[in-house]
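Trainee: Next up, final-v4.cif (mmCIF, C-alpha atoms and all ligand atoms).
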```
data_model
#
loop_
_atom_site.label_atom_id
_atom_site.label_comp_id
_atom_site.auth_asym_id
_atom_site.auth_seq_id
_atom_site.Cartn_x
_atom_site.Cartn_y
_atom_site.Cartn_z
CA MET A 1 162.95 67.77 95.18
CA ALA A 2 164.57 65.23 97.50
CA ASP A 3 167.64 67.48 97.55
CA GLN A 4 165.48 69.97 99.41
CA TYR A 5 166.10 67.92 102.55
CA ALA A 6 169.40 69.66 102.94
CA HIS A 7 169.63 70.46 106.60
CA GLU A 8 170.46 67.09 108.08
CA ALA A 9 173.28 67.46 110.59
CA ALA A 10 174.60 65.75 113.69
CA PRO A 11 172.29 66.23 116.67
CA ASP A 12 173.23 69.10 118.93
CA GLU A 13 175.44 68.32 121.93
CA ARG A 14 173.59 70.79 124.11
CA PRO A 15 171.19 69.47 126.78
CA ALA A 16 167.59 68.91 125.66
CA LEU A 17 165.36 71.98 125.57
CA ARG A 18 163.47 72.53 128.79
CA ALA A 19 160.50 74.79 128.26
CA LEU A 20 159.56 75.29 131.92
CA ARG A 21 160.80 74.51 135.41
CA TRP A 22 159.88 75.29 139.01
CA GLU A 23 162.57 76.72 141.27
CA GLU A 24 162.67 77.69 144.92
CA PRO A 25 165.44 80.28 145.46
CA PRO A 26 165.71 81.90 148.94
CA ASP A 27 163.55 84.88 147.98
CA GLY A 28 160.59 82.71 147.02
CA PRO A 29 159.43 80.24 144.39
CA VAL A 30 159.47 81.08 140.70
CA VAL A 31 158.44 79.53 137.40
CA VAL A 32 161.34 79.68 134.94
CA LEU A 33 160.37 79.67 131.27
CA LEU A 34 162.48 79.39 128.16
CA ASP A 35 161.41 82.64 126.47
CA GLN A 36 160.11 81.41 123.11
CA THR A 37 159.85 84.93 121.70
CA ARG A 38 163.66 85.06 121.66
CA LEU A 39 164.17 81.88 119.66
CA PRO A 40 165.97 81.06 117.48
CA ALA A 41 168.24 84.03 118.19
CA GLU A 42 169.05 83.03 121.74
CA GLU A 43 168.02 80.69 124.55
CA VAL A 44 167.03 83.15 127.26
CA GLU A 45 165.09 82.33 130.41
CA LEU A 46 162.22 84.34 131.76
CA VAL A 47 161.73 84.20 135.52
CA CYS A 48 158.14 84.63 136.67
CA ALA A 49 157.65 85.36 140.35
CA ASP A 50 153.92 85.96 140.24
CA VAL A 51 150.83 85.17 138.22
CA PRO A 52 150.61 88.52 136.36
CA ALA A 53 154.11 87.84 135.00
CA LEU A 54 153.02 84.36 133.91
CA VAL A 55 149.90 85.74 132.27
CA ARG A 56 152.03 88.22 130.30
CA ALA A 57 154.30 85.35 129.24
CA ILE A 58 151.25 83.36 128.09
CA GLN A 59 149.73 86.24 126.15
CA THR A 60 152.97 87.24 124.41
CA LEU A 61 153.67 83.55 123.57
CA ALA A 62 156.87 83.42 125.60
CA VAL A 63 155.23 80.17 126.73
CA ARG A 64 152.76 78.51 124.38
CA GLY A 65 151.39 75.29 122.89
CA ALA A 66 148.47 73.41 124.40
CA PRO A 67 150.13 70.86 126.73
CA LEU A 68 152.66 73.38 128.04
CA LEU A 69 149.92 75.94 128.65
CA GLY A 70 148.23 73.35 130.86
CA ILE A 71 151.42 72.74 132.80
CA THR A 72 152.01 76.50 133.11
CA GLY A 73 148.48 77.05 134.38
CA ALA A 74 148.92 74.40 137.05
CA TYR A 75 152.28 75.79 138.20
CA GLY A 76 150.72 79.28 138.16
CA VAL A 77 148.10 78.21 140.69
CA ALA A 78 150.85 76.61 142.80
CA LEU A 79 152.92 79.79 142.57
CA ALA A 80 150.06 81.94 143.86
CA ALA A 81 149.38 79.40 146.62
CA VAL A 82 152.97 79.03 147.83
CA ARG A 83 153.47 82.80 147.77
CA GLY A 84 150.26 83.30 149.78
CA HIS A 85 148.47 85.24 147.05
CA ASP A 86 144.77 85.06 146.24
CA VAL A 87 144.59 81.61 144.64
CA ALA A 88 141.05 81.84 143.25
CA ALA A 89 141.79 85.20 141.58
CA ALA A 90 145.05 83.85 140.18
CA ALA A 91 143.28 80.80 138.77
CA LEU A 92 140.71 83.00 137.05
CA LEU A 93 143.40 85.25 135.54
CA LEU A 94 145.34 82.28 134.24
CA GLU A 95 142.33 80.48 132.86
CA ARG A 96 141.20 83.56 130.94
CA SER A 97 144.61 84.45 129.53
CA ARG A 98 144.07 82.47 126.31
CA PRO A 99 140.76 80.86 125.32
CA THR A 100 141.36 78.12 122.76
CA ALA A 101 143.70 75.52 124.24
CA VAL A 102 141.58 73.47 126.63
CA ASN A 103 144.69 72.26 128.44
CA LEU A 104 145.19 75.68 130.05
CA ALA A 105 141.86 75.61 131.86
CA LEU A 106 142.37 71.93 132.66
CA GLY A 107 145.79 72.52 134.26
CA VAL A 108 144.50 75.45 136.28
CA ARG A 109 141.46 73.51 137.51
CA LEU A 110 143.53 70.46 138.39
CA ALA A 111 145.88 72.42 140.65
CA LEU A 112 143.01 74.45 142.11
CA ALA A 113 141.08 71.28 142.94
CA ALA A 114 144.15 69.82 144.67
CA TYR A 115 144.56 73.08 146.62
CA ARG A 116 140.94 73.10 147.70
CA ALA A 117 140.90 69.41 148.60
CA ALA A 118 143.79 69.98 151.02
CA ALA A 119 142.50 73.31 152.35
CA GLU A 120 141.38 71.97 155.71
CA GLN A 121 144.97 70.89 156.47
CA GLY A 122 146.05 74.54 156.32
CA THR A 123 147.27 76.87 153.58
CA GLU A 124 150.83 75.53 153.52
CA GLN A 125 149.66 71.97 152.97
CA ALA A 126 147.15 73.14 150.38
CA ALA A 127 149.89 75.01 148.50
CA ARG A 128 152.09 71.90 148.54
CA ALA A 129 149.15 69.88 147.19
CA ALA A 130 148.73 72.35 144.30
CA LEU A 131 152.44 72.09 143.55
CA ALA A 132 152.32 68.29 143.67
CA ALA A 133 149.43 68.36 141.19
CA ALA A 134 151.40 70.61 138.83
CA ARG A 135 154.44 68.33 139.04
CA GLU A 136 152.32 65.28 138.40
CA LEU A 137 150.74 66.89 135.33
CA HIS A 138 154.23 67.80 134.09
CA ARG A 139 155.44 64.20 134.50
CA ARG A 140 152.28 62.78 132.98
CA ASP A 141 152.70 64.98 129.92
CA ALA A 142 156.27 63.77 129.45
CA ARG A 143 155.06 60.16 129.58
CA ALA A 144 152.20 60.96 127.20
CA SER A 145 154.69 62.45 124.74
CA SER A 146 156.73 59.31 124.42
CA ARG A 147 153.64 57.14 124.16
CA MET A 148 152.21 59.36 121.41
CA ALA A 149 155.52 59.11 119.57
CA GLY A 150 155.32 55.32 119.70
CA HIS A 151 151.69 55.11 118.60
CA GLY A 152 152.21 57.74 115.91
CA LEU A 153 155.21 56.01 114.40
CA ALA A 154 153.42 52.66 114.47
CA PHE A 155 150.50 54.26 112.63
CA LEU A 156 152.78 55.78 109.98
CA ASP A 157 154.52 52.43 109.53
CA GLU A 158 151.12 50.79 109.10
CA LEU A 159 150.21 53.30 106.39
CA PHE A 160 153.63 53.21 104.71
CA PRO A 161 155.32 49.89 105.53
CA GLY A 162 158.37 50.81 103.47
CA GLY A 163 159.26 53.78 105.70
CA GLY A 164 160.96 56.83 104.21
CA HIS A 165 158.27 59.12 105.52
CA ARG A 166 158.03 62.65 104.15
CA ILE A 167 156.08 64.55 106.76
CA LEU A 168 154.67 68.04 106.62
CA THR A 169 154.03 69.82 109.89
CA HIS A 170 152.60 73.16 110.95
CA CYS A 171 153.28 75.43 113.92
CA ASN A 172 155.47 74.02 116.70
CA THR A 173 154.66 70.83 118.56
CA GLY A 174 157.97 69.70 120.02
CA ALA A 175 159.79 69.93 123.35
CA LEU A 176 158.84 73.61 123.47
CA VAL A 177 155.18 72.73 124.06
CA SER A 178 155.52 69.84 126.42
CA GLY A 179 157.00 68.20 129.47
CA GLY A 180 158.52 65.69 127.03
CA GLU A 181 159.34 65.78 123.33
CA GLY A 182 155.95 67.05 122.23
CA THR A 183 153.11 65.75 120.10
CA ALA A 184 153.30 65.73 116.28
CA PHE A 185 156.96 66.69 116.32
CA ALA A 186 157.71 63.81 118.71
CA VAL A 187 156.35 61.38 116.11
CA ALA A 188 158.59 62.87 113.41
CA LEU A 189 161.53 62.70 115.82
CA ALA A 190 160.77 59.05 116.59
CA ALA A 191 160.69 58.35 112.84
CA HIS A 192 164.03 60.12 112.46
CA ARG A 193 165.62 58.10 115.27
CA ALA A 194 164.26 54.91 113.72
CA GLY A 195 165.87 55.87 110.40
CA ARG A 196 162.46 56.20 108.74
CA LEU A 197 162.15 59.97 108.27
CA ARG A 198 163.12 60.99 104.79
CA GLY A 199 162.28 64.61 105.34
CA LEU A 200 160.33 67.04 107.49
CA TRP A 201 158.58 69.88 105.69
CA VAL A 202 158.21 72.77 108.12
CA ASP A 203 155.51 75.37 107.43
CA GLU A 204 156.78 78.79 108.52
CA THR A 205 153.38 79.42 110.22
CA ARG A 206 152.51 83.05 109.71
CA PRO A 207 152.15 85.45 111.39
CA LEU A 208 154.28 84.58 114.41
CA LEU A 209 156.47 82.03 112.65
CA GLN A 210 156.30 79.22 115.19
CA GLY A 211 157.40 76.88 112.39
CA ALA A 212 160.34 78.90 111.14
CA ARG A 213 161.54 80.08 114.53
CA LEU A 214 160.76 77.09 116.74
CA THR A 215 160.17 73.88 114.76
CA ALA A 216 163.14 74.50 112.48
CA TYR A 217 165.17 75.23 115.60
CA GLU A 218 164.14 71.96 117.24
CA ALA A 219 164.67 70.01 114.01
CA ALA A 220 168.17 71.45 113.61
CA ARG A 221 168.99 70.75 117.25
CA ASN A 222 167.96 67.11 116.71
CA GLY A 223 169.87 66.73 113.45
CA MET A 224 166.71 66.05 111.46
CA PRO A 225 166.47 66.49 107.69
CA TYR A 226 164.10 69.43 107.40
CA THR A 227 163.12 72.09 104.90
CA LEU A 228 161.26 75.30 105.60
CA LEU A 229 158.48 76.52 103.31
CA THR A 230 156.11 79.47 103.30
CA ASP A 231 152.60 78.43 104.27
CA ASN A 232 151.29 79.19 100.80
CA ALA A 233 153.89 76.96 99.15
CA ALA A 234 152.20 73.87 100.62
CA GLY A 235 149.80 73.53 97.67
CA SER A 236 152.50 73.11 95.06
CA LEU A 237 154.36 70.73 97.36
CA PHE A 238 151.32 68.44 97.57
CA ALA A 239 150.82 68.76 93.81
CA ALA A 240 154.42 67.63 93.30
CA GLY A 241 153.70 64.49 95.33
CA GLU A 242 156.28 65.38 97.97
CA VAL A 243 154.13 64.86 101.09
CA ASP A 244 153.31 61.42 102.49
CA ALA A 245 151.50 62.59 105.62
CA VAL A 246 150.58 65.75 107.50
CA LEU A 247 151.18 65.64 111.24
CA ILE A 248 149.83 68.43 113.41
CA GLY A 249 148.97 69.03 117.06
CA ALA A 250 145.72 70.34 118.52
CA ASP A 251 144.56 72.96 120.96
CA ARG A 252 141.11 71.53 121.49
CA ILE A 253 139.34 68.50 120.04
CA ALA A 254 135.56 68.74 120.31
CA ALA A 255 133.32 65.77 121.05
CA ASP A 256 132.47 65.41 117.35
CA GLY A 257 136.17 65.13 116.45
CA SER A 258 136.58 68.72 115.17
CA VAL A 259 140.14 69.87 115.72
CA ALA A 260 141.19 73.42 116.61
CA ASN A 261 144.84 74.06 115.87
CA LYS A 262 147.11 76.85 114.67
CA VAL A 263 145.57 78.88 111.86
CA GLY A 264 146.55 77.30 108.56
CA SER A 265 145.84 73.75 109.70
CA TYR A 266 142.42 73.63 108.04
CA PRO A 267 143.74 74.60 104.58
CA LEU A 268 146.32 71.84 104.94
CA ALA A 269 143.56 69.37 105.75
CA VAL A 270 141.68 70.41 102.60
CA LEU A 271 144.83 70.03 100.52
CA ALA A 272 145.54 66.67 102.10
CA LYS A 273 142.05 65.40 101.31
CA TYR A 274 142.29 66.54 97.68
CA HIS A 275 145.68 64.88 97.25
CA HIS A 276 144.74 61.70 99.19
CA VAL A 277 147.38 62.33 101.85
CA PRO A 278 146.66 61.28 105.47
CA PHE A 279 146.01 64.20 107.80
CA VAL A 280 147.00 63.03 111.27
CA VAL A 281 146.41 64.90 114.52
CA VAL A 282 148.66 64.05 117.46
CA ALA A 283 147.42 65.23 120.85
CA PRO A 284 147.19 63.97 124.42
CA THR A 285 143.77 62.93 125.67
CA THR A 286 143.83 66.05 127.86
CA THR A 287 143.18 68.01 124.64
CA ILE A 288 139.93 66.13 123.95
CA ASP A 289 137.11 68.22 125.35
CA LEU A 290 133.84 66.33 125.46
CA ASP A 291 132.07 69.36 126.93
CA THR A 292 132.58 71.19 123.64
CA LEU A 293 130.11 69.44 121.41
CA ASP A 294 131.35 70.51 117.99
CA GLY A 295 133.71 72.75 116.08
CA ALA A 296 131.30 75.70 116.04
CA ALA A 297 131.42 75.80 119.84
CA ILE A 298 135.20 76.22 119.97
CA VAL A 299 136.26 79.75 120.91
CA VAL A 300 138.98 80.89 118.53
CA GLU A 301 141.37 83.48 119.91
CA GLN A 302 141.62 86.65 117.82
CA ARG A 303 144.99 88.35 118.16
CA ALA A 304 146.30 91.87 117.61
CA GLU A 305 146.26 93.25 114.07
CA HIS A 306 149.87 94.43 114.27
CA GLU A 307 151.00 90.78 114.25
CA VAL A 308 149.88 90.76 110.59
CA THR A 309 150.61 94.33 109.54
CA GLU A 310 154.14 94.19 110.95
CA VAL A 311 156.95 91.69 110.68
CA THR A 312 158.32 91.12 114.14
CA ALA A 313 160.40 87.94 114.01
CA PRO A 314 162.43 86.79 115.80
CA ARG A 315 160.86 88.61 118.69
CA PRO A 316 157.13 89.26 118.40
CA SER A 317 156.30 92.58 120.01
CA ALA A 318 154.89 92.24 123.48
CA GLY A 319 151.48 93.79 122.84
CA GLY A 320 150.44 97.23 121.68
CA GLY A 321 152.21 97.07 118.32
CA GLY A 322 154.90 99.34 117.01
CA ALA A 323 157.83 97.04 117.75
CA GLY A 324 158.04 95.47 114.30
CA VAL A 325 158.65 96.64 110.77
CA ALA A 326 155.45 97.70 108.97
CA VAL A 327 154.62 95.66 105.87
CA ALA A 328 151.25 97.32 105.21
CA PRO A 329 150.16 100.95 104.91
CA PRO A 330 149.28 102.68 108.17
CA GLY A 331 145.69 102.06 109.20
CA THR A 332 145.41 98.71 107.38
CA ARG A 333 142.95 96.40 109.12
CA ALA A 334 144.00 92.79 109.62
CA TYR A 335 142.17 89.52 110.23
CA ASN A 336 144.23 87.56 112.73
CA PRO A 337 142.62 84.44 114.19
CA ALA A 338 145.21 82.40 116.07
CA PHE A 339 143.54 79.09 115.23
CA ASP A 340 141.17 77.43 112.79
CA VAL A 341 138.92 74.41 113.09
CA THR A 342 139.24 71.31 110.93
CA PRO A 343 136.04 69.25 110.63
CA PRO A 344 136.27 65.57 111.52
CA GLU A 345 135.68 64.35 107.96
CA LEU A 346 139.07 65.76 106.98
CA VAL A 347 140.94 64.06 109.84
CA THR A 348 142.44 60.66 109.04
CA ALA A 349 143.43 59.82 112.61
CA ILE A 350 143.90 61.23 116.08
CA VAL A 351 146.95 59.79 117.81
CA THR A 352 146.90 60.00 121.60
CA GLU A 353 148.93 58.40 124.38
CA GLU A 354 146.13 55.86 124.76
CA GLY A 355 146.11 54.77 121.14
CA THR A 356 145.11 55.90 117.69
CA LEU A 357 141.58 56.84 116.82
CA SER A 358 140.89 56.15 113.17
CA PRO A 359 138.91 54.00 110.79
CA VAL A 360 142.23 52.24 110.09
CA THR A 361 142.64 51.08 113.69
CA GLY A 362 138.90 50.74 114.26
CA VAL A 363 139.05 52.65 117.55
CA GLY A 364 136.11 55.02 118.13
CA VAL A 365 136.24 58.26 120.09
CA ALA A 366 134.20 56.87 122.98
CA GLU A 367 136.49 53.87 123.36
CA LEU A 368 139.55 56.06 123.19
CA CYS A 369 138.23 58.38 125.86
CA ALA A 370 137.14 55.49 128.04
CA ARG A 371 140.72 54.20 128.00
CA SER A 372 141.92 57.53 129.28
CA ARG A 373 142.00 58.38 132.95
CA GLN A 374 142.25 62.10 132.07
CA VAL A 375 138.92 62.46 130.32
CA THR A 376 135.56 61.82 131.90
CA ILE A 377 132.65 60.94 129.70
CA SER A 378 129.50 62.79 130.66
C1 LIG X 401 151.12 70.25 120.93
S1 LIG X 401 151.01 71.78 120.48
C2 LIG X 401 149.48 71.86 119.61
C3 LIG X 401 149.09 73.24 119.44
O1 LIG X 401 149.07 73.89 120.69
C4 LIG X 401 150.00 73.98 118.46
O2 LIG X 401 149.94 73.33 117.21
C5 LIG X 401 149.50 75.37 118.35
O3 LIG X 401 148.57 75.64 117.62
C6 LIG X 401 150.12 76.37 119.25
O4 LIG X 401 149.64 77.67 119.04
P1 LIG X 401 150.33 78.85 119.83
O5 LIG X 401 149.50 80.06 119.43
O6 LIG X 401 151.73 78.94 119.38
O7 LIG X 401 150.18 78.55 121.29
#
```
Do you think you could lay out the structure here as structure tokens?

Mentor:
Amino acid sequence: MADQYAHEAAPDERPALRALRWEEPPDGPVVVLLDQTRLPAEEVELVCADVPALVRAIQTLAVRGAPLLGITGAYGVALAAVRGHDVAAAALLLERSRPTAVNLALGVRLALAAYRAAAEQGTEQAARAALAAARELHRRDARASSRMAGHGLAFLDELFPGGGHRILTHCNTGALVSGGEGTAFAVALAAHRAGRLRGLWVDETRPLLQGARLTAYEAARNGMPYTLLTDNAAGSLFAAGEVDAVLIGADRIAADGSVANKVGSYPLAVLAKYHHVPFVVVAPTTTIDLDTLDGAAIVVEQRAEHEVTEVTAPRPSAGGGGAGVAVAPPGTRAYNPAFDVTPPELVTAIVTEEGTLSPVTGVGVAELCARSRQVTIS
């Protein structure tokens, strides 16, 4: 099975992926996104000049992943403000565009609060304050990424002092979801750079294939040894003893430690428990939501049925269906939750930029949150 790790190559010479940037051309400010629906076929940018365009990009997953959604939300508020649009309406639109990742609402509210706090200095100053808040969130996320990578690798080394980690990951949690190198993927990348990653198992992540299209793309770009598997091949992989640890990201972590992440994460947690493999969540403290008391209170986004009844990779259809190839008879109903919720008893550790929460490190959730300036404890 070790031969499966066949894709190791020299890291790409191209510049690092940049998922989002703010630009101010003469005809007005824009948010420029790397259109993730076009990967891995091509790196194409999507220029958003207003909030409705950003909302479309969020809903079609041209931009996605919890931390990046937060950054996008904050820049969206700044965009509306600098362009003189209705900022409160824009904030509402953005916040409601996807329900599960808490970072989106957090980013929107952060920029809106900065805008409102500067309102008495005039609209131009207020707009600049919203933009400064978005930039600060972007920078903070990049810093959080590298700190999570450090803490995550230290935790893996503590669990497996010999190194040679074989990590299984789900969905996409790399530079495409972050101002930096990501969350779970950043830990695997740190292990690779330290010479301690033996292999990265990449779940394809049905139905929209964030693993196959995006994580495999990032792994290849970084010269990592990775192997793609269908989601339902994970069971036999665990049974074969080929997984040392599961590393995933999170869209929302409730106060009781329940973790919402891409659908398919919960079955992995069950498998990991059965096979005595650590199930490790890597997420910034901005993803911990103490106002959501438990997993049952997390709103799970339900997406269009055609994402299941059609195959649309590498470019998921932009709403309405009909753009993919049908793989089910016409009229077939589909169950398509975008996320699932893993209960805390299946989670071995939560790695954040502030440290690692786990029985192994002895850090409790309250202590972890208290260390964080991002999260307020009510
Ligand atoms: C750091 S990314 C963590 C999660 O946002 C990620 O695992 C995920 O579930 C993304 O879902 P997506 O629907 O692609 O936005």

Trainee: Report the distance between CA of Leu20 (chain A) and CA of Val259 (chain A) in Å, rounded to one decimal place.

Mentor: 25.9 Å

Trainee: Show me which residues are within 6 Å of ligand LIG 401 (chain X) counting only C-alpha atoms and all ligand atoms, and format the list as a list of chain:residue names.

Mentor: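 For ligand LIG 401 (chain X), the residues inside 6 Å are A:Arg64, A:Gly65, A:Ala66, A:Pro67, A:Cys171, A:Asn172, A:Thr173, A:Val177, A:Gly182, A:Thr183, A:Gly249, A:Ala250, A:Asp251, A:Asn261, A:Lys262, A:Ala338.
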
Trainee: Please determine, counting all atoms listed in the file, which residue among A:Arg193, A:Asn232, A:Val102, A:Pro52 has the shortest atom-to-atom distance to Thr292 (chain A).

Mentor: A:Val102

Trainee: From the list A:Arg196, A:Pro207, A:Ile298, A:Ala114, which residue is nearest Pro161 (chain A) when using all atoms listed in the file?

Mentor: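 Ranking A:Arg196, A:Pro207, A:Ile298, A:Ala114 by distance to Pro161 (chain A), first place goes to A:Arg196.
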
Trainee: Expressed in Å to a single decimal, how great is the separation between CA of Glu158 (chain A) and CA of Ala142 (chain A)?

Mentor: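 These atoms are spaced 24.7 Å apart.
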
Trainee: Write out as a list in words which residues come within 10 Å of Ala190 (chain A) when counting all atoms listed in the file, dropping same-chain ones fewer than 5 positions away.

Mentor: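 Everything that qualifies: Ser146, Met148, Ala149, Gly150, Gly152, Leu153, Ala154, Glu181, Phe185, Gly195, Arg196 and Leu197 of chain A.
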
Trainee: Give the answer as one residue: which of A:Ser265, A:Asn336, A:Ser145, A:Gln59 has the shortest atom-to-atom distance to His170 (chain A), using only C-alpha atoms?

Mentor: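 Checking each candidate against His170 (chain A), we get A:Ser265 as the closest.
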
Trainee: Given the choices A:Arg303, A:His165, A:Arg14, A:Arg198, which gets closest to Pro99 (chain A) if the distance is worked out from all atoms listed in the file?

Mentor: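 Between A:Arg303, A:His165, A:Arg14, A:Arg198, the residue approaching Pro99 (chain A) most closely is A:Arg303.
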
Trainee: Pick from A:Thr286, A:Asn222, A:Thr72, A:Gln302: nearest to Tyr335 (chain A), with all atoms listed in the file counted?

Mentor: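 Closest residue, counting all atoms listed in the file: A:Gln302.
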
Trainee: Give me, please, the distance in Å between CA of His192 (chain A) and CA of Gly174 (chain A), quoted to one decimal.

Mentor: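 Value for the CA of His192 (chain A)-CA of Gly174 (chain A) distance: 13.6 Å.
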
Trainee: When distances are computed from only C-alpha atoms, which of A:Ala111, A:Val308, A:Leu54, A:Leu39 shows the smallest separation from Arg213 (chain A)?

Mentor: A:Leu39

Trainee: Could you tell me, as a PyMOL selection string, which residues have any atom at most 12 Å from (144.3, 81.5, 130.5), counting only C-alpha atoms?

Mentor: chain A and resi 51-52+54-59+61+63-64+66+68-74+76-77+89-109+301

Trainee: Can I get the selection written as a JSON list (two decimals), in the coordinates of the input, with C-alpha atoms?

Mentor:
```
[["chain", "number", "residue", "atom", "x", "y", "z"],
["A", 51, "VAL", "CA", 150.83, 85.17, 138.22],
["A", 52, "PRO", "CA", 150.61, 88.52, 136.36],
["A", 54, "LEU", "CA", 153.02, 84.36, 133.91],
["A", 55, "VAL", "CA", 149.90, 85.74, 132.27],
["A", 56, "ARG", "CA", 152.03, 88.22, 130.30],
["A", 57, "ALA", "CA", 154.30, 85.35, 129.24],
["A", 58, "ILE", "CA", 151.25, 83.36, 128.09],
["A", 59, "GLN", "CA", 149.73, 86.24, 126.15],
["A", 61, "LEU", "CA", 153.67, 83.55, 123.57],
["A", 63, "VAL", "CA", 155.23, 80.17, 126.73],
["A", 64, "ARG", "CA", 152.76, 78.51, 124.38],
["A", 66, "ALA", "CA", 148.47, 73.41, 124.40],
["A", 68, "LEU", "CA", 152.66, 73.38, 128.04],
["A", 69, "LEU", "CA", 149.92, 75.94, 128.65],
["A", 70, "GLY", "CA", 148.23, 73.35, 130.86],
["A", 71, "ILE", "CA", 151.42, 72.74, 132.80],
["A", 72, "THR", "CA", 152.01, 76.50, 133.11],
["A", 73, "GLY", "CA", 148.48, 77.05, 134.38],
["A", 74, "ALA", "CA", 148.92, 74.40, 137.05],
["A", 76, "GLY", "CA", 150.72, 79.28, 138.16],
["A", 77, "VAL", "CA", 148.10, 78.21, 140.69],
["A", 89, "ALA", "CA", 141.79, 85.20, 141.58],
["A", 90, "ALA", "CA", 145.05, 83.85, 140.18],
["A", 91, "ALA", "CA", 143.28, 80.80, 138.77],
["A", 92, "LEU", "CA", 140.71, 83.00, 137.05],
["A", 93, "LEU", "CA", 143.40, 85.25, 135.54],
["A", 94, "LEU", "CA", 145.34, 82.28, 134.24],
["A", 95, "GLU", "CA", 142.33, 80.48, 132.86],
["A", 96, "ARG", "CA", 141.20, 83.56, 130.94],
["A", 97, "SER", "CA", 144.61, 84.45, 129.53],
["A", 98, "ARG", "CA", 144.07, 82.47, 126.31],
["A", 99, "PRO", "CA", 140.76, 80.86, 125.32],
["A", 100, "THR", "CA", 141.36, 78.12, 122.76],
["A", 101, "ALA", "CA", 143.70, 75.52, 124.24],
["A", 102, "VAL", "CA", 141.58, 73.47, 126.63],
["A", 103, "ASN", "CA", 144.69, 72.26, 128.44],
["A", 104, "LEU", "CA", 145.19, 75.68, 130.05],
["A", 105, "ALA", "CA", 141.86, 75.61, 131.86],
["A", 106, "LEU", "CA", 142.37, 71.93, 132.66],
["A", 107, "GLY", "CA", 145.79, 72.52, 134.26],
["A", 108, "VAL", "CA", 144.50, 75.45, 136.28],
["A", 109, "ARG", "CA", 141.46, 73.51, 137.51],
["A", 301, "GLU", "CA", 141.37, 83.48, 119.91]]
```
